[in-house]
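structure.txt follows (compact mmCIF, C-alpha atoms):
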# COMPACT_ATOMS: atom_id res chain seq x y z
CA MET M 272 33.64 62.83 -12.46
CA MET M 273 30.50 64.22 -14.12
CA PRO M 274 31.18 66.10 -17.39
CA SER M 275 30.92 69.86 -17.40
CA PRO M 276 28.42 71.70 -19.68
CA SER M 277 31.25 72.72 -22.02
CA GLU M 278 32.43 69.12 -22.27
CA SER M 279 28.85 68.02 -23.01
CA ASN M 280 28.58 70.55 -25.84
CA ASN M 281 31.89 69.40 -27.31
CA ASN M 282 30.74 65.79 -27.20
CA ALA M 283 27.36 66.63 -28.74
CA GLU M 284 28.52 68.32 -31.93
CA PRO M 285 30.18 65.32 -33.62
CA PHE M 286 27.12 63.16 -33.09
CA ALA M 287 24.74 65.97 -34.10
CA THR M 288 26.63 66.29 -37.40
CA PHE M 289 26.66 62.51 -37.89
CA PHE M 290 22.93 62.29 -37.08
CA ARG M 291 21.96 64.96 -39.60
CA ASP M 292 23.81 63.07 -42.33
CA TRP M 293 22.37 59.77 -41.10
CA LEU M 294 18.82 61.13 -41.36
CA THR M 295 19.48 62.30 -44.91
CA ARG M 296 20.50 58.75 -45.81
CA GLN M 297 17.45 57.48 -43.92
CA GLU M 298 15.21 59.52 -46.23
CA HIS M 299 16.95 58.02 -49.26
CA PHE M 300 16.48 54.50 -47.90
CA LEU M 301 12.81 55.20 -47.23
CA HIS M 302 12.38 56.24 -50.86
CA GLU M 303 14.01 52.98 -51.98
CA LEU M 304 11.88 50.89 -49.64
CA LEU M 305 8.70 52.49 -50.94
CA GLN M 306 9.82 51.92 -54.53
CA VAL M 307 10.26 48.16 -54.12
CA GLN M 308 7.10 46.58 -55.48
CA PRO M 309 6.37 42.91 -56.20
CA SER M 310 6.14 42.01 -59.88
CA GLN M 311 4.49 38.96 -61.41
CA HIS M 312 6.95 39.16 -64.28
CA ASP M 313 10.13 39.28 -62.22
CA GLU M 314 9.28 38.08 -58.72
CA GLU M 315 12.67 36.43 -58.16
CA GLY M 316 14.55 39.53 -59.28
CA VAL M 317 12.48 41.84 -57.07
CA ASP M 318 12.93 39.50 -54.10
CA HIS M 319 16.70 39.59 -54.55
CA GLU M 320 16.61 43.37 -54.85
CA SER M 321 14.53 43.58 -51.66
CA ARG M 322 16.89 41.37 -49.67
CA GLU M 323 19.86 43.42 -50.83
CA LEU M 324 18.09 46.63 -49.82
CA ILE M 325 17.16 45.20 -46.41
CA GLY M 326 20.82 44.36 -45.85
CA ARG M 327 21.87 47.94 -46.61
CA VAL M 328 19.19 49.36 -44.33
CA ILE M 329 20.29 47.10 -41.46
CA THR M 330 23.90 48.23 -42.00
CA HIS M 331 22.65 51.82 -41.87
CA TYR M 332 21.10 51.23 -38.43
CA LYS M 333 24.22 49.40 -37.29
CA GLN M 334 26.30 52.49 -38.12
CA TYR M 335 23.99 54.57 -35.94
CA TYR M 336 24.43 52.32 -32.91
CA GLU M 337 28.18 52.04 -33.42
CA PHE M 338 28.58 55.82 -33.45
CA LYS M 339 26.19 56.22 -30.53
CA SER M 340 28.21 53.67 -28.52
CA ARG M 341 31.24 55.94 -28.72
CA ILE M 342 29.25 58.86 -27.31
CA VAL M 343 27.87 56.65 -24.54
CA HIS M 344 31.41 55.91 -23.36
CA GLN M 345 32.42 59.58 -23.63
CA ASN M 346 29.37 61.02 -21.87
CA VAL M 347 26.45 58.69 -21.20
CA PHE M 348 24.32 61.47 -19.72
CA LEU M 349 24.36 63.27 -23.05
CA VAL M 350 22.49 60.47 -24.84
CA LEU M 351 19.82 60.36 -22.13
CA SER M 352 18.65 63.86 -23.07
CA PRO M 353 20.27 64.39 -26.48
CA PRO M 354 20.41 68.00 -27.69
CA TRP M 355 20.29 66.80 -31.32
CA PHE M 356 16.64 65.84 -30.68
CA SER M 357 13.83 68.36 -30.30
CA PRO M 358 11.93 68.43 -26.99
CA TYR M 359 9.05 66.64 -28.75
CA GLU M 360 11.34 63.87 -29.98
CA ARG M 361 12.77 63.43 -26.49
CA THR M 362 9.29 62.62 -25.14
CA PHE M 363 9.50 59.33 -27.10
CA LEU M 364 12.80 58.27 -25.54
CA TRP M 365 13.10 55.25 -23.26
CA ILE M 366 16.65 54.81 -21.93
CA SER M 367 18.04 56.92 -24.81
CA GLY M 368 16.03 55.37 -27.64
CA PHE M 369 12.69 53.96 -28.72
CA LYS M 370 11.00 51.41 -26.48
CA PRO M 371 11.63 47.97 -28.02
CA GLY M 372 7.93 47.09 -27.92
CA LEU M 373 7.24 49.89 -30.40
CA ALA M 374 8.41 47.49 -33.10
CA PHE M 375 5.30 45.37 -32.54
CA ARG M 376 2.99 48.36 -32.96
CA ILE M 377 4.73 49.12 -36.25
CA VAL M 378 4.21 45.52 -37.36
CA ASN M 379 0.52 45.72 -36.45
CA ASN M 380 0.10 48.91 -38.47
CA SER M 381 2.15 47.93 -41.53
CA VAL M 382 1.91 44.14 -41.93
CA SER M 383 -1.63 42.81 -42.32
CA ASP M 384 -0.84 39.44 -43.90
CA LEU M 385 0.81 37.44 -41.10
CA ASP M 386 -0.11 33.78 -41.32
CA ALA M 387 -1.18 31.78 -38.26
CA GLU M 388 2.31 30.52 -37.43
CA GLN M 389 3.82 33.99 -37.80
CA GLY M 390 1.12 35.30 -35.46
CA ARG M 391 1.98 32.71 -32.80
CA GLN M 392 5.69 33.42 -33.09
CA MET M 393 5.04 37.16 -32.80
CA GLU M 394 2.91 36.67 -29.67
CA ARG M 395 5.67 34.67 -28.00
CA LEU M 396 8.22 37.32 -28.93
CA VAL M 397 6.02 40.09 -27.52
CA GLU M 398 5.92 38.36 -24.13
CA GLU M 399 9.69 37.76 -24.18
CA ILE M 400 10.51 41.38 -24.97
CA LYS M 401 7.99 42.75 -22.46
CA ALA M 402 9.68 40.73 -19.71
CA GLU M 403 13.10 42.09 -20.64
CA GLU M 404 11.71 45.63 -20.80
CA ARG M 405 10.43 45.24 -17.23
CA GLU M 406 13.84 44.09 -16.05
CA LEU M 407 15.54 47.11 -17.60
CA ALA M 408 12.87 49.45 -16.20
CA ALA M 409 13.61 48.14 -12.70
CA GLU M 410 17.33 48.69 -13.25
CA LEU M 411 16.62 52.22 -14.47
CA VAL M 412 14.78 53.07 -11.24
CA ALA M 413 17.74 51.88 -9.19
CA VAL M 414 20.23 53.88 -11.25
CA GLN M 415 18.02 56.99 -11.13
CA GLU M 416 17.92 56.79 -7.33
CA ALA M 417 21.71 56.66 -7.23
CA LEU M 418 21.92 59.43 -9.81
CA ALA M 419 19.66 61.71 -7.75
CA ALA M 420 22.25 61.74 -4.98
CA ALA M 421 25.18 62.43 -7.31
CA PRO M 422 24.64 66.22 -7.76
CA ILE M 423 24.36 66.63 -3.97
CA LEU M 424 27.58 64.72 -3.46
CA ALA M 425 29.30 66.72 -6.19
CA LEU M 426 28.15 70.02 -4.65
CA ALA M 427 29.40 68.97 -1.24
CA ARG M 428 32.75 68.06 -2.79
CA ARG M 429 33.08 71.38 -4.62
CA GLU M 430 32.19 73.42 -1.56
CA GLY M 431 34.72 71.56 0.55
CA ARG M 432 32.24 70.15 2.99
CA LEU M 433 33.80 66.71 2.77
CA GLU M 434 36.84 65.56 4.65
CA ASN M 435 39.80 64.61 2.50
CA GLY M 436 39.32 60.95 3.23
CA ARG M 437 35.81 61.01 1.77
CA VAL M 438 36.60 62.79 -1.50
CA ARG M 439 37.83 59.61 -3.16
CA GLU M 440 34.82 57.73 -1.81
CA VAL M 441 32.44 60.28 -3.39
CA ASP M 442 34.31 60.21 -6.70
CA ASN M 443 34.12 56.43 -6.73
CA ALA M 444 30.38 56.52 -6.02
CA MET M 445 29.79 58.95 -8.89
CA GLU M 446 31.91 56.80 -11.18
CA ARG M 447 29.80 53.76 -10.28
CA VAL M 448 26.64 55.68 -11.21
CA ARG M 449 28.12 56.63 -14.56
CA SER M 450 29.27 53.08 -15.23
CA SER M 451 25.85 51.66 -14.28
CA MET M 452 24.12 54.07 -16.64
CA GLU M 453 26.48 53.13 -19.47
CA GLU M 454 25.66 49.46 -18.96
CA LEU M 455 21.94 50.24 -18.85
CA VAL M 456 22.00 52.21 -22.12
CA GLU M 457 24.03 49.47 -23.81
CA SER M 458 21.55 46.84 -22.58
CA ALA M 459 18.62 48.90 -23.88
CA ASP M 460 20.29 49.34 -27.27
CA TYR M 461 20.98 45.61 -27.40
CA LEU M 462 17.32 44.86 -26.64
CA ARG M 463 16.18 47.31 -29.34
CA THR M 464 18.44 45.63 -31.88
CA LYS M 465 17.48 42.13 -30.74
CA THR M 466 13.77 42.93 -31.03
CA VAL M 467 14.04 44.18 -34.62
CA VAL M 468 16.23 41.25 -35.66
CA LYS M 469 13.81 38.71 -34.18
CA VAL M 470 10.80 40.47 -35.71
CA MET M 471 12.41 40.30 -39.13
CA GLU M 472 13.25 36.61 -38.64
CA ILE M 473 9.50 36.04 -38.39
CA LEU M 474 8.55 38.26 -41.34
CA ASN M 475 9.13 37.34 -44.96
CA THR M 476 11.04 39.60 -47.34
CA GLY M 477 8.09 41.67 -48.51
CA GLN M 478 6.77 42.10 -44.98
CA SER M 479 10.22 43.16 -43.78
CA VAL M 480 10.34 45.85 -46.46
CA ARG M 481 6.97 47.22 -45.31
CA PHE M 482 8.06 47.05 -41.66
CA LEU M 483 11.30 48.95 -42.28
CA ALA M 484 9.52 51.53 -44.42
CA ALA M 485 6.91 52.14 -41.70
CA ALA M 486 9.62 52.45 -39.03
CA ALA M 487 11.52 55.02 -41.09
CA GLN M 488 8.32 56.95 -41.85
CA LEU M 489 7.45 57.12 -38.15
CA GLN M 490 10.92 58.35 -37.18
CA LEU M 491 11.02 61.01 -39.89
CA ARG M 492 7.45 62.09 -39.13
CA ILE M 493 8.24 62.56 -35.43
CA ARG M 494 11.37 64.48 -36.44
CA SER M 495 9.33 66.76 -38.70
CA TRP M 496 6.65 67.37 -36.07
CA GLY M 497 9.32 68.25 -33.52
CA GLN M 498 10.92 70.77 -35.86
CA GLN M 499 7.53 72.31 -36.64
CA ARG M 500 6.76 72.70 -32.95
CA ASP M 501 10.13 74.34 -32.33
CA ALA M 502 9.55 76.75 -35.22
CA ALA M 503 6.08 77.62 -33.93
CA ARG M 504 7.46 78.25 -30.45
CA ARG M 505 10.16 80.57 -31.82
CA ASN M 506 7.57 82.53 -33.82
CA VAL M 507 5.44 83.04 -30.70
CA HIS M 508 8.41 84.51 -28.84

Please rewrite the model in this file as structure tokens.
Amino acid sequence: MMPSPSESNNNAEPFATFFRDWLTRQEHFLHELLQVQPSQHDEEGVDHESRELIGRVITHYKQYYEFKSRIVHQNVFLVLSPPWFSPYERTFLWISGFKPGLAFRIVNNSVSDLDAEQGRQMERLVEEIKAEERELAAELVAVQEALAAAPILALARREGRLENGRVREVDNAMERVRSSMEELVESADYLRTKTVVKVMEILNTGQSVRFLAAAAQLQLRIRSWGQQRDAARRNVH
């Protein structure tokens, strides 16, 4: 069965609270990433510090996806249009998160010192991820078509226009839609994670620090712009 609005609100609050705290830690990590600077006098020490920081940042992202996974299994439709994001932030969503290929744009804007081999590896990775994005996009279209029929089926069920023998059939169909959407979101989250991991396998330590800092800056900037737009809209009304 599809969740009711009250159930959606109940599911949203725990993640909204977690996400606010997560963003606060994200700001702290951004500050640390920006503070890491190479030093001719202690290059080995700085490199160790950078790798340790990268590990903590990756763990931070892992915590986000672990918590999100719980919400996906409670109410997958909630993460597709999450109320903890502003309307502006939601315009950037692709299957409940950033499009994996965005990672390559961040690399292009933040890492200017790729060597020739790194460039070739990155080009191959771009093509690989684009192909997987296309596959998921095709799956999304199929699920959306099934989802479009679900409210009509649910309305017919509520208004008693279905014979008893078809009620279970409708419920099963709606459950299949929900299950398909869960699998799609999990696949998209996996591809997002895979893309970042593979990008960082190509980058060296210093480049990875700049990449992670740029990614955090972009996320926090979009968050800030969204809040500003919401505030401006409230002031108009």

Discussion item. Give me, as a list in words, all polymer residues having an atom no more than 12 Å from Asp384 (chain M), counting all atoms listed in the file and skipping those fewer than 5 positions away in the same chain.
Written reply: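 My reading of the contact set: Val378, Asn379, Gln389, Gly390, Leu474, Asn475, Gly477, Gln478, Ser479, Arg481 and Phe482 of chain M.
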
Discussion item. Nearest residue to Ser495 (chain M) out of M:Ser383, M:Ser367, M:Ser451, M:Ser357, using all atoms listed in the file?
Written reply: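 Among the listed residues, M:Ser357 lies closest to Ser495 (chain M).
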
Fill in: Counting only C-alpha atoms, the residue of M:Ile377, M:Val448, M:Leu324, M:Ile342 that sits nearest Gln415 (chain M)
M:Val448

Listed atoms of region 292-298 of chain M, axis-aligned box, 6 Å per side: centre and edge lengths to one decimal in Å, as AutoDock Vina command-line options?
--center_x 19.5 --center_y 60.3 --center_z -43.7 --size_x 20.6 --size_y 17.6 --size_z 17.1

Practice prompt. Measuring atom to atom with only C-alpha atoms, identify which of M:Val456, M:Val347, M:Leu462, M:Ala419 is nearest to Glu404 (chain M).
Written response: M:Leu462

Worksheet item: Restricting the calculation to only C-alpha atoms, which member of M:Trp365, M:Pro371, M:Gln306, M:Ser340 is positioned closest to Lys465 (chain M)?
Response: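 Residue with the minimum atom-to-atom distance to Lys465 (chain M): M:Pro371.
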
Worksheet item: Taking only C-alpha atoms into account, which of M:His344, M:Arg492, M:His302, M:Lys339 comes nearest Ala287 (chain M)?
Response: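 Going through M:His344, M:Arg492, M:His302, M:Lys339 one by one, the smallest distance to Ala287 (chain M) is for M:Lys339.
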
Worksheet item: Of the residues M:Ala283, M:Val414, M:Thr362, M:Leu373, which is the one nearest to Ser450 (chain M), using only C-alpha atoms?
Response: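 Smallest separation from Ser450 (chain M) among the options: M:Val414.
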
Worksheet item: Distance CA of Glu337 (chain M)-CA of Glu403 (chain M), one decimal place?
Response: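 Separation between CA of Glu337 (chain M) and CA of Glu403 (chain M): 22.1 Å.
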
Practice prompt. Please indicate the distance in Å from CA of Arg494 (chain M) to CA of Phe369 (chain M), rounded to one decimal place.
Written response: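 That distance, rounded to one decimal, is 13.1 Å.
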
Discussion item. Around the point (14.7, 61.9, -21.5) (coordinates from the file), which residues reach within 10 Å if we count all atoms listed in the file? Answer as a VMD selection string.
Written reply: chain M and resid 348 to 353 358 360 to 368

Discussion item. Quick check, in Å to one decimal: how far apart do CA of Gln488 (chain M) and CA of Ala374 (chain M) lie?
Written reply: 12.9 Å

Dump of region 314-395 of chain M from preceding block, C-alpha atoms, as a JSON list (two decimals), in the first residue's frame:
[["chain", "number", "residue", "atom", "x", "y", "z"],
["M", 314, "GLU", "CA", 55.24, 16.94, 2.73],
["M", 315, "GLU", "CA", 55.03, 13.40, 4.14],
["M", 316, "GLY", "CA", 53.24, 14.58, 7.28],
["M", 317, "VAL", "CA", 50.73, 16.65, 5.31],
["M", 318, "ASP", "CA", 50.10, 13.74, 2.93],
["M", 319, "HIS", "CA", 49.33, 11.46, 5.87],
["M", 320, "GLU", "CA", 47.04, 14.09, 7.36],
["M", 321, "SER", "CA", 45.25, 14.45, 4.01],
["M", 322, "ARG", "CA", 44.69, 10.72, 3.62],
["M", 323, "GLU", "CA", 43.34, 10.50, 7.15],
["M", 324, "LEU", "CA", 40.97, 13.40, 6.46],
["M", 325, "ILE", "CA", 39.81, 11.84, 3.17],
["M", 326, "GLY", "CA", 38.98, 8.65, 5.07],
["M", 327, "ARG", "CA", 36.85, 10.57, 7.57],
["M", 328, "VAL", "CA", 35.04, 12.45, 4.81],
["M", 329, "ILE", "CA", 34.25, 9.19, 2.97],
["M", 330, "THR", "CA", 32.90, 7.73, 6.24],
["M", 331, "HIS", "CA", 30.75, 10.85, 6.59],
["M", 332, "TYR", "CA", 29.18, 10.24, 3.16],
["M", 333, "LYS", "CA", 28.76, 6.56, 3.96],
["M", 334, "GLN", "CA", 26.71, 7.49, 7.05],
["M", 335, "TYR", "CA", 24.44, 9.59, 4.84],
["M", 336, "TYR", "CA", 23.72, 6.73, 2.45],
["M", 337, "GLU", "CA", 23.23, 4.23, 5.28],
["M", 338, "PHE", "CA", 20.63, 6.44, 6.95],
["M", 339, "LYS", "CA", 18.99, 7.23, 3.61],
["M", 340, "SER", "CA", 18.73, 3.49, 2.85],
["M", 341, "ARG", "CA", 16.54, 3.02, 5.91],
["M", 342, "ILE", "CA", 14.16, 5.74, 4.71],
["M", 343, "VAL", "CA", 14.08, 4.21, 1.23],
["M", 344, "HIS", "CA", 12.79, 0.94, 2.69],
["M", 345, "GLN", "CA", 10.26, 2.76, 4.90],
["M", 346, "ASN", "CA", 8.90, 5.08, 2.20],
["M", 347, "VAL", "CA", 10.78, 5.26, -1.08],
["M", 348, "PHE", "CA", 8.48, 7.96, -2.47],
["M", 349, "LEU", "CA", 9.59, 10.32, 0.28],
["M", 350, "VAL", "CA", 13.20, 10.39, -0.93],
["M", 351, "LEU", "CA", 12.12, 11.10, -4.51],
["M", 352, "SER", "CA", 10.76, 14.50, -3.47],
["M", 353, "PRO", "CA", 12.34, 15.01, -0.03],
["M", 354, "PRO", "CA", 10.74, 17.72, 2.12],
["M", 355, "TRP", "CA", 14.08, 18.34, 3.85],
["M", 356, "PHE", "CA", 15.28, 19.91, 0.57],
["M", 357, "SER", "CA", 14.09, 23.28, -0.70],
["M", 358, "PRO", "CA", 12.26, 23.38, -4.06],
["M", 359, "TYR", "CA", 15.46, 24.78, -5.62],
["M", 360, "GLU", "CA", 17.54, 21.89, -4.27],
["M", 361, "ARG", "CA", 15.02, 19.39, -5.60],
["M", 362, "THR", "CA", 15.57, 20.68, -9.15],
["M", 363, "PHE", "CA", 19.06, 19.11, -8.98],
["M", 364, "LEU", "CA", 17.79, 15.65, -8.04],
["M", 365, "TRP", "CA", 18.12, 12.66, -10.34],
["M", 366, "ILE", "CA", 16.54, 9.52, -8.86],
["M", 367, "SER", "CA", 16.75, 11.02, -5.34],
["M", 368, "GLY", "CA", 20.30, 12.39, -5.55],
["M", 369, "PHE", "CA", 22.90, 14.08, -7.71],
["M", 370, "LYS", "CA", 23.49, 12.73, -11.20],
["M", 371, "PRO", "CA", 26.68, 10.63, -11.06],
["M", 372, "GLY", "CA", 28.21, 12.48, -14.02],
["M", 373, "LEU", "CA", 28.25, 15.67, -11.94],
["M", 374, "ALA", "CA", 31.41, 14.30, -10.32],
["M", 375, "PHE", "CA", 33.28, 14.79, -13.61],
["M", 376, "ARG", "CA", 32.20, 18.43, -13.86],
["M", 377, "ILE", "CA", 33.50, 18.97, -10.34],
["M", 378, "VAL", "CA", 36.82, 17.37, -11.32],
["M", 379, "ASN", "CA", 37.06, 19.63, -14.38],
["M", 380, "ASN", "CA", 36.45, 22.72, -12.26],
["M", 381, "SER", "CA", 38.68, 21.83, -9.30],
["M", 382, "VAL", "CA", 41.54, 19.67, -10.60],
["M", 383, "SER", "CA", 43.66, 21.30, -13.30],
["M", 384, "ASP", "CA", 46.78, 19.15, -12.99],
["M", 385, "LEU", "CA", 45.72, 15.73, -14.31],
["M", 386, "ASP", "CA", 48.56, 14.04, -16.14],
["M", 387, "ALA", "CA", 48.06, 12.33, -19.51],
["M", 388, "GLU", "CA", 47.37, 8.89, -18.05],
["M", 389, "GLN", "CA", 44.91, 10.28, -15.52],
["M", 390, "GLY", "CA", 43.14, 12.07, -18.37],
["M", 391, "ARG", "CA", 42.79, 8.85, -20.36],
["M", 392, "GLN", "CA", 41.51, 6.95, -17.33],
["M", 393, "MET", "CA", 38.99, 9.71, -16.61],
["M", 394, "GLU", "CA", 37.72, 9.67, -20.21],
["M", 395, "ARG", "CA", 37.14, 5.92, -20.05]]
